[in-house]
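Text of work-v7.csv (CSV, N, CA and C atoms) as supplied:
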```csv
chain,number,residue,atom,x,y,z
A,1,MET,N,-8.7,6.9,21.3
A,1,MET,CA,-9.6,5.9,21.0
A,1,MET,C,-9.3,4.7,21.9
A,2,TYR,N,-10.3,4.2,22.7
A,2,TYR,CA,-10.2,3.1,23.6
A,2,TYR,C,-10.6,1.8,22.9
A,3,ILE,N,-9.8,0.8,22.9
A,3,ILE,CA,-10.1,-0.5,22.3
A,3,ILE,C,-10.0,-1.5,23.3
A,4,ASP,N,-11.2,-2.3,23.4
A,4,ASP,CA,-11.3,-3.4,24.4
A,4,ASP,C,-11.5,-4.7,23.7
A,5,LEU,N,-10.5,-5.6,23.8
A,5,LEU,CA,-10.5,-6.9,23.2
A,5,LEU,C,-10.5,-8.0,24.2
A,6,GLY,N,-11.5,-7.9,25.1
A,6,GLY,CA,-11.6,-8.9,26.2
A,6,GLY,C,-10.5,-8.7,27.2
A,7,PRO,N,-9.5,-9.6,27.4
A,7,PRO,CA,-8.5,-9.4,28.4
A,7,PRO,C,-7.5,-8.3,28.0
A,8,PHE,N,-7.5,-7.9,26.7
A,8,PHE,CA,-6.6,-6.9,26.2
A,8,PHE,C,-7.3,-5.6,26.0
A,9,ALA,N,-6.8,-4.5,26.6
A,9,ALA,CA,-7.4,-3.2,26.4
A,9,ALA,C,-6.3,-2.2,26.3
A,10,PHE,N,-6.4,-1.3,25.3
A,10,PHE,CA,-5.4,-0.3,25.1
A,10,PHE,C,-6.0,0.9,24.5
A,11,GLU,N,-5.3,2.0,24.5
A,11,GLU,CA,-5.8,3.3,24.0
A,11,GLU,C,-4.8,3.8,22.9
A,12,ILE,N,-5.4,4.2,21.8
A,12,ILE,CA,-4.6,4.7,20.7
A,12,ILE,C,-5.1,6.1,20.4
A,13,GLU,N,-4.1,7.0,20.3
A,13,GLU,CA,-4.5,8.4,20.0
A,13,GLU,C,-4.9,8.6,18.6
A,14,PRO,N,-6.0,9.3,18.3
A,14,PRO,CA,-6.4,9.5,16.9
A,14,PRO,C,-5.4,10.2,16.1
A,15,SER,N,-4.6,11.1,16.7
A,15,SER,CA,-3.5,11.7,15.9
A,15,SER,C,-2.4,10.7,15.5
A,16,ALA,N,-2.2,9.7,16.3
A,16,ALA,CA,-1.2,8.7,15.9
A,16,ALA,C,-1.7,7.9,14.7
A,17,ILE,N,-3.0,7.6,14.7
A,17,ILE,CA,-3.6,6.8,13.6
A,17,ILE,C,-3.5,7.7,12.3
A,18,ALA,N,-3.9,8.9,12.4
A,18,ALA,CA,-3.8,9.9,11.3
A,18,ALA,C,-2.4,10.0,10.8
A,19,GLY,N,-1.4,10.2,11.7
A,19,GLY,CA,0.0,10.4,11.3
A,19,GLY,C,0.5,9.1,10.6
A,20,ALA,N,0.2,7.9,11.2
A,20,ALA,CA,0.7,6.7,10.5
A,20,ALA,C,0.1,6.5,9.2
A,21,ALA,N,-1.2,6.9,9.0
A,21,ALA,CA,-1.9,6.7,7.7
A,21,ALA,C,-1.3,7.7,6.7
A,22,LEU,N,-1.0,8.9,7.1
A,22,LEU,CA,-0.4,9.9,6.2
A,22,LEU,C,1.0,9.5,5.8
A,23,TRP,N,1.8,9.0,6.8
A,23,TRP,CA,3.1,8.6,6.4
A,23,TRP,C,3.1,7.4,5.5
A,24,ALA,N,2.1,6.5,5.7
A,24,ALA,CA,2.0,5.3,4.8
A,24,ALA,C,1.6,5.8,3.4
A,25,LEU,N,0.6,6.7,3.3
A,25,LEU,CA,0.2,7.2,2.0
A,25,LEU,C,1.3,7.9,1.3
A,26,GLY,N,2.1,8.7,2.0
A,26,GLY,CA,3.3,9.3,1.4
A,26,GLY,C,4.3,8.3,0.8
A,27,LEU,N,4.6,7.3,1.6
A,27,LEU,CA,5.5,6.2,1.2
A,27,LEU,C,4.9,5.5,0.0
A,28,TYR,N,3.6,5.2,0.0
A,28,TYR,CA,2.9,4.5,-1.1
A,28,TYR,C,3.0,5.3,-2.4
A,29,LEU,N,2.8,6.6,-2.3
A,29,LEU,CA,3.0,7.5,-3.5
A,29,LEU,C,4.4,7.6,-3.9
A,30,GLY,N,5.3,7.7,-3.0
A,30,GLY,CA,6.7,7.9,-3.3
A,30,GLY,C,7.3,6.6,-4.0
A,31,PHE,N,6.8,5.5,-3.5
A,31,PHE,CA,7.4,4.2,-4.1
A,31,PHE,C,6.3,3.5,-4.8
A,32,SER,N,5.5,4.2,-5.7
A,32,SER,CA,4.4,3.6,-6.4
A,32,SER,C,4.8,2.5,-7.4
A,33,ARG,N,6.0,2.7,-7.9
A,33,ARG,CA,6.5,1.6,-8.8
A,33,ARG,C,6.7,0.3,-8.0
A,34,LEU,N,7.3,0.4,-6.8
A,34,LEU,CA,7.4,-0.8,-6.0
A,34,LEU,C,6.1,-1.3,-5.6
A,35,ALA,N,5.1,-0.5,-5.3
A,35,ALA,CA,3.8,-1.0,-4.9
A,35,ALA,C,3.2,-1.7,-6.1
A,36,GLY,N,3.3,-1.2,-7.3
A,36,GLY,CA,2.8,-1.9,-8.5
A,36,GLY,C,3.5,-3.2,-8.7
A,37,THR,N,4.8,-3.3,-8.6
A,37,THR,CA,5.5,-4.5,-8.7
A,37,THR,C,5.1,-5.5,-7.7
A,38,LEU,N,4.9,-5.1,-6.4
A,38,LEU,CA,4.5,-5.9,-5.4
A,38,LEU,C,3.1,-6.5,-5.6
A,39,THR,N,2.2,-5.6,-6.1
A,39,THR,CA,0.8,-6.1,-6.5
A,39,THR,C,0.9,-7.1,-7.6
A,40,ASP,N,1.7,-6.9,-8.6
A,40,ASP,CA,1.8,-7.9,-9.7
A,40,ASP,C,2.3,-9.2,-9.2
A,41,ARG,N,3.3,-9.2,-8.4
A,41,ARG,CA,3.9,-10.4,-7.9
A,41,ARG,C,3.0,-11.2,-7.0
A,42,LEU,N,2.3,-10.5,-6.1
A,42,LEU,CA,1.3,-11.1,-5.2
A,42,LEU,C,0.2,-11.8,-6.0
A,43,SER,N,-0.3,-11.0,-7.0
A,43,SER,CA,-1.3,-11.6,-7.9
A,43,SER,C,-0.9,-12.8,-8.6
A,44,GLY,N,0.3,-12.8,-9.2
A,44,GLY,CA,0.9,-14.0,-9.9
A,44,GLY,C,1.0,-15.1,-8.9
A,45,TRP,N,1.5,-14.9,-7.7
A,45,TRP,CA,1.7,-15.9,-6.7
A,45,TRP,C,0.3,-16.5,-6.4
A,46,MET,N,-0.7,-15.7,-6.2
A,46,MET,CA,-2.0,-16.2,-5.8
A,46,MET,C,-2.6,-17.0,-7.0
A,47,ASN,N,-2.4,-16.6,-8.2
A,47,ASN,CA,-2.9,-17.3,-9.4
A,47,ASN,C,-2.2,-18.7,-9.4
A,48,ASN,N,-0.9,-18.7,-9.2
A,48,ASN,CA,-0.2,-20.0,-9.3
A,48,ASN,C,-0.7,-20.9,-8.1
A,49,ALA,N,-0.9,-20.4,-7.0
A,49,ALA,CA,-1.3,-21.2,-5.8
A,49,ALA,C,-2.7,-21.7,-6.1
A,50,GLU,N,-3.6,-21.0,-6.7
A,50,GLU,CA,-4.9,-21.4,-7.0
A,50,GLU,C,-5.0,-22.5,-8.1
A,51,ARG,N,-4.1,-22.4,-9.0
A,51,ARG,CA,-4.0,-23.3,-10.1
A,51,ARG,C,-3.7,-24.7,-9.6
A,52,SER,N,-2.9,-24.8,-8.5
A,52,SER,CA,-2.6,-26.1,-8.0
A,52,SER,C,-3.8,-26.8,-7.3
A,53,LEU,N,-4.8,-26.1,-7.0
A,53,LEU,CA,-6.0,-26.6,-6.3
A,53,LEU,C,-6.9,-27.4,-7.2
A,54,TYR,N,-6.8,-27.2,-8.5
A,54,TYR,CA,-7.7,-27.9,-9.5
A,54,TYR,C,-7.1,-29.1,-10.1
A,55,ALA,N,-7.9,-30.1,-10.3
A,55,ALA,CA,-7.4,-31.4,-10.8
A,55,ALA,C,-7.1,-31.4,-12.3
A,56,THR,N,-8.0,-30.7,-13.1
A,56,THR,CA,-7.8,-30.6,-14.5
A,56,THR,C,-7.7,-29.1,-14.9
A,57,GLN,N,-7.1,-28.9,-16.1
A,57,GLN,CA,-7.0,-27.6,-16.7
A,57,GLN,C,-8.3,-27.0,-17.1
A,58,GLU,N,-9.3,-27.9,-17.5
A,58,GLU,CA,-10.6,-27.4,-17.9
A,58,GLU,C,-11.4,-26.9,-16.7
A,59,GLU,N,-11.3,-27.5,-15.6
A,59,GLU,CA,-11.9,-26.9,-14.4
A,59,GLU,C,-11.3,-25.6,-14.0
A,60,TYR,N,-10.1,-25.5,-14.2
A,60,TYR,CA,-9.4,-24.2,-13.9
A,60,TYR,C,-9.8,-23.1,-14.8
A,61,GLU,N,-9.9,-23.4,-16.1
A,61,GLU,CA,-10.3,-22.4,-17.1
A,61,GLU,C,-11.7,-21.9,-17.0
A,62,LYS,N,-12.6,-22.7,-16.4
A,62,LYS,CA,-14.0,-22.3,-16.3
A,62,LYS,C,-14.2,-20.9,-15.6
A,63,THR,N,-13.5,-20.8,-14.5
A,63,THR,CA,-13.7,-19.5,-13.7
A,63,THR,C,-12.4,-18.7,-13.6
A,64,ARG,N,-11.6,-18.8,-14.5
A,64,ARG,CA,-10.3,-18.2,-14.5
A,64,ARG,C,-10.3,-16.7,-14.4
A,65,LYS,N,-11.1,-16.1,-15.3
A,65,LYS,CA,-11.1,-14.6,-15.3
A,65,LYS,C,-11.6,-14.0,-14.0
A,66,ALA,N,-12.7,-14.6,-13.4
A,66,ALA,CA,-13.2,-14.1,-12.2
A,66,ALA,C,-12.2,-14.2,-11.0
A,67,ARG,N,-11.6,-15.4,-11.0
A,67,ARG,CA,-10.6,-15.6,-9.9
A,67,ARG,C,-9.4,-14.7,-10.0
A,68,GLU,N,-8.9,-14.5,-11.3
A,68,GLU,CA,-7.8,-13.6,-11.5
A,68,GLU,C,-8.1,-12.2,-11.1
A,69,ALA,N,-9.3,-11.7,-11.4
A,69,ALA,CA,-9.8,-10.4,-11.0
A,69,ALA,C,-9.8,-10.3,-9.5
A,70,GLN,N,-10.3,-11.3,-8.8
A,70,GLN,CA,-10.4,-11.4,-7.4
A,70,GLN,C,-9.0,-11.4,-6.8
A,71,ASN,N,-8.1,-12.1,-7.4
A,71,ASN,CA,-6.7,-12.1,-6.8
A,71,ASN,C,-6.0,-10.8,-7.0
A,72,VAL,N,-6.3,-10.1,-8.1
A,72,VAL,CA,-5.7,-8.7,-8.3
A,72,VAL,C,-6.2,-7.8,-7.2
A,73,PHE,N,-7.5,-7.9,-6.9
A,73,PHE,CA,-8.1,-7.1,-5.8
A,73,PHE,C,-7.4,-7.4,-4.5
A,74,TYR,N,-7.4,-8.7,-4.1
A,74,TYR,CA,-6.7,-9.0,-2.8
A,74,TYR,C,-5.3,-8.7,-2.8
A,75,SER,N,-4.6,-8.8,-3.9
A,75,SER,CA,-3.1,-8.5,-3.9
A,75,SER,C,-2.9,-7.0,-3.8
A,76,SER,N,-3.9,-6.2,-4.3
A,76,SER,CA,-3.7,-4.7,-4.2
A,76,SER,C,-4.0,-4.3,-2.7
A,77,LEU,N,-4.9,-5.0,-2.0
A,77,LEU,CA,-5.1,-4.7,-0.6
A,77,LEU,C,-3.9,-5.2,0.2
A,78,LEU,N,-3.3,-6.3,-0.1
A,78,LEU,CA,-2.2,-6.8,0.7
A,78,LEU,C,-0.9,-6.0,0.4
A,79,SER,N,-0.8,-5.4,-0.8
A,79,SER,CA,0.4,-4.6,-1.1
A,79,SER,C,0.5,-3.3,-0.3
A,80,VAL,N,-0.6,-2.9,0.4
A,80,VAL,CA,-0.6,-1.7,1.2
A,80,VAL,C,0.0,-2.0,2.6
A,81,LEU,N,-0.1,-3.2,3.0
A,81,LEU,CA,0.4,-3.6,4.4
A,81,LEU,C,1.8,-3.2,4.7
A,82,PRO,N,2.8,-3.5,3.8
A,82,PRO,CA,4.2,-3.0,4.1
A,82,PRO,C,4.3,-1.5,4.3
A,83,PHE,N,3.5,-0.8,3.5
A,83,PHE,CA,3.6,0.7,3.6
A,83,PHE,C,3.0,1.1,4.9
A,84,LEU,N,1.9,0.5,5.4
A,84,LEU,CA,1.3,0.8,6.7
A,84,LEU,C,2.3,0.5,7.8
A,85,VAL,N,3.0,-0.6,7.7
A,85,VAL,CA,3.9,-0.9,8.8
A,85,VAL,C,5.1,0.1,8.8
A,86,LEU,N,5.6,0.4,7.6
A,86,LEU,CA,6.7,1.4,7.6
A,86,LEU,C,6.2,2.8,8.0
A,87,GLY,N,5.0,3.2,7.6
A,87,GLY,CA,4.5,4.4,7.9
A,87,GLY,C,4.3,4.5,9.4
A,88,THR,N,3.8,3.5,10.1
A,88,THR,CA,3.7,3.4,11.5
A,88,THR,C,5.0,3.6,12.2
A,89,LEU,N,6.0,2.8,11.7
A,89,LEU,CA,7.4,2.9,12.3
A,89,LEU,C,7.9,4.3,12.2
A,90,LEU,N,7.8,4.9,11.0
A,90,LEU,CA,8.3,6.3,10.8
A,90,LEU,C,7.5,7.3,11.7
A,91,SER,N,6.2,7.1,11.8
A,91,SER,CA,5.5,8.1,12.6
A,91,SER,C,5.9,8.0,14.1
A,92,ILE,N,6.2,6.7,14.5
A,92,ILE,CA,6.7,6.5,15.9
A,92,ILE,C,8.0,7.2,16.1
A,93,GLY,N,8.9,7.0,15.1
A,93,GLY,CA,10.2,7.6,15.1
A,93,GLY,C,10.2,9.1,15.1
A,94,VAL,N,9.3,9.7,14.4
A,94,VAL,CA,9.1,11.1,14.4
A,94,VAL,C,8.6,11.6,15.7
A,95,GLU,N,7.6,10.9,16.2
A,95,GLU,CA,7.1,11.2,17.5
A,95,GLU,C,8.1,11.2,18.6
A,96,VAL,N,9.0,10.2,18.6
A,96,VAL,CA,10.0,10.1,19.6
A,96,VAL,C,11.1,11.2,19.4
A,97,GLY,N,11.4,11.4,18.2
A,97,GLY,CA,12.5,12.3,17.9
A,97,GLY,C,12.1,13.8,17.9
A,98,LEU,N,11.0,14.1,17.4
A,98,LEU,CA,10.6,15.5,17.2
A,98,LEU,C,9.4,15.9,18.1
A,99,GLY,N,8.6,15.0,18.6
A,99,GLY,CA,7.5,15.3,19.4
A,99,GLY,C,6.2,14.9,18.7
A,100,GLU,N,5.1,14.9,19.4
A,100,GLU,CA,3.8,14.5,18.9
A,100,GLU,C,3.3,15.4,17.9
A,101,ASP,N,3.6,16.7,18.0
A,101,ASP,CA,3.0,17.7,17.0
A,101,ASP,C,3.5,17.5,15.6
A,102,TRP,N,4.7,16.9,15.4
A,102,TRP,CA,5.3,16.8,14.1
A,102,TRP,C,4.8,15.6,13.4
A,103,VAL,N,4.2,14.7,14.0
A,103,VAL,CA,3.8,13.4,13.3
A,103,VAL,C,2.8,13.7,12.2
A,104,VAL,N,1.7,14.4,12.4
A,104,VAL,CA,0.8,14.7,11.4
A,104,VAL,C,1.3,15.7,10.4
A,105,SER,N,2.1,16.7,10.9
A,105,SER,CA,2.6,17.7,10.0
A,105,SER,C,3.6,17.1,9.0
A,106,GLY,N,4.5,16.2,9.6
A,106,GLY,CA,5.5,15.5,8.7
A,106,GLY,C,4.8,14.6,7.7
A,107,GLY,N,3.7,13.9,8.1
A,107,GLY,CA,3.0,13.1,7.2
A,107,GLY,C,2.3,13.8,6.1
A,108,VAL,N,1.8,15.0,6.4
A,108,VAL,CA,1.2,15.8,5.4
A,108,VAL,C,2.2,16.3,4.4
A,109,LEU,N,3.4,16.8,4.9
A,109,LEU,CA,4.4,17.2,4.0
A,109,LEU,C,4.9,16.1,3.1
A,110,LEU,N,5.2,14.9,3.7
A,110,LEU,CA,5.6,13.8,2.9
A,110,LEU,C,4.6,13.4,1.9
A,111,THR,N,3.4,13.4,2.2
A,111,THR,CA,2.3,13.0,1.3
A,111,THR,C,2.2,14.1,0.1
A,112,LEU,N,2.3,15.3,0.5
A,112,LEU,CA,2.3,16.4,-0.5
A,112,LEU,C,3.5,16.3,-1.5
A,113,PHE,N,4.7,16.2,-0.9
A,113,PHE,CA,5.9,16.1,-1.8
A,113,PHE,C,5.9,14.8,-2.6
A,114,CYS,N,5.5,13.7,-2.1
A,114,CYS,CA,5.5,12.5,-2.8
A,114,CYS,C,4.4,12.5,-3.9
A,115,GLY,N,3.3,13.1,-3.6
A,115,GLY,CA,2.2,13.2,-4.6
A,115,GLY,C,2.6,14.1,-5.8
A,116,VAL,N,3.3,15.2,-5.5
A,116,VAL,CA,3.8,16.0,-6.6
A,116,VAL,C,4.9,15.3,-7.4
A,117,TYR,N,5.7,14.5,-6.7
A,117,TYR,CA,6.8,13.7,-7.4
A,117,TYR,C,6.1,12.7,-8.3
A,118,GLU,N,5.1,12.0,-7.8
A,118,GLU,CA,4.4,11.0,-8.6
A,118,GLU,C,3.7,11.6,-9.8
A,119,LEU,N,3.1,12.7,-9.7
A,119,LEU,CA,2.4,13.4,-10.8
A,119,LEU,C,3.5,13.8,-11.8
A,120,GLU,N,4.6,14.3,-11.4
A,120,GLU,CA,5.7,14.7,-12.3
A,120,GLU,C,6.3,13.5,-13.0
A,121,ARG,N,6.5,12.5,-12.3
A,121,ARG,CA,7.0,11.2,-12.9
A,121,ARG,C,6.1,10.7,-13.9
A,122,ARG,N,4.8,10.7,-13.7
A,122,ARG,CA,3.9,10.2,-14.7
A,122,ARG,C,3.8,11.1,-15.9
A,123,SER,N,3.9,12.4,-15.6
A,123,SER,CA,3.9,13.4,-16.7
A,123,SER,C,5.1,13.2,-17.6
A,124,GLN,N,6.3,13.0,-17.0
A,124,GLN,CA,7.5,12.8,-17.7
A,124,GLN,C,7.4,11.5,-18.5
A,125,GLU,N,6.9,10.4,-18.0
A,125,GLU,CA,6.7,9.2,-18.7
A,125,GLU,C,5.8,9.3,-19.9
A,126,ALA,N,4.7,10.1,-19.8
A,126,ALA,CA,3.8,10.3,-20.9
A,126,ALA,C,4.5,11.1,-22.0
A,127,GLU,N,5.4,12.1,-21.6
A,127,GLU,CA,6.1,12.9,-22.6
A,127,GLU,C,7.1,12.0,-23.3
A,128,ASP,N,7.8,11.2,-22.6
A,128,ASP,CA,8.8,10.3,-23.2
A,128,ASP,C,8.1,9.3,-24.2
A,129,GLU,N,6.9,8.8,-23.8
A,129,GLU,CA,6.2,8.0,-24.8
A,129,GLU,C,5.8,8.7,-26.0
A,130,GLU,N,5.4,10.0,-25.9
A,130,GLU,CA,5.0,10.8,-27.1
A,130,GLU,C,6.2,11.0,-28.0
A,131,GLU,N,7.4,11.2,-27.4
A,131,GLU,CA,8.6,11.5,-28.2
A,131,GLU,C,9.0,10.2,-28.9
A,132,GLU,N,8.8,9.1,-28.4
A,132,GLU,CA,9.1,7.8,-29.0
A,132,GLU,C,8.2,7.6,-30.2
A,133,ASP,N,7.0,8.0,-30.2
A,133,ASP,CA,6.0,7.8,-31.3
A,133,ASP,C,6.3,8.7,-32.4
```

File written out as structure tokens:
Amino acid sequence: MYIDLGPFAFEIEPSAIAGAALWALGLYLGFSRLAGTLTDRLSGWMNNAERSLYATQEEYEKTRKAREAQNVFYSSLLSVLPFLVLGTLLSIGVEVGLGEDWVVSGGVLLTLFCGVYELERRSQEAEDEEEED
């Protein structure tokens, strides 16, 4: 894929984009608790930052629910960025170490294993909650 940004022009292989995205997805699934925590913290930070923009508490309370929902959405989008960066770095490392063919294959395997891990983890949590009741 050729990208031209005025004076900057570069080419990115589609397999590199797919590999980085698969590695990022695998990491996101494998560290889903961390992703949830990151989303919650970013949302709280955005809510606190917005609160300081209002002069009175009444002004703030008028549109609070809508703004908090919007902040949760934005924080969930932002929480993906660290995983994209790490996924890109890992895919580059795999490409350098094992070759271009292993980037997508490794990403698929990581995503598969982390997806199964996440399903089992949630299943185990549900069983533990049922036992407590």

Just how far from atom N of Trp23 in chain A is atom C of Leu98 in chain A, in Å to one decimal?
->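 Atom N of Trp23 in chain A lies 15.3 Å from atom C of Leu98 in chain A.
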
note - CA of Ser15 in chain A and CA of Thr111 in chain A are separated by 15.8 Å

Pick out the residues sitting within 7 Å of range 46-50 of chain A, and hand them over as a ChimeraX atom specification; count only C-alpha atoms, and ignore anything fewer than 3 positions along from it in its own chain.
-> /A:42-43,53,68,71

Just give me the gap between CA of Gln124 in chain A and CA of Leu34 in chain A in Å, one decimal is fine.
->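 Answer for the CA of Gln124 in chain A to CA of Leu34 in chain A separation: 17.9 Å.
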
Which polymer residues have any atom within 7 Å of an atom of Tyr2 in chain A, counting only N, CA and C atoms, with same-chain residues fewer than 6 positions away left out, as a list in words?
->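 Skipping anything fewer than 6 positions along the chain leaves Ala9, Phe10, Glu11 and Ile12 of chain A.
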
Filtered DSSP result for chain A, state alpha helix (DSSP H), as a PyMOL selection string = chain A and resi 14-30+32-51+57-62+64-78+81-98+101-132

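Candidate residues A:Ser75, A:Ala21, A:Arg122, A:Trp45 were compared for distance to Ser91 in chain A, and the nearest is A:Ala21, using all atoms listed in the file.
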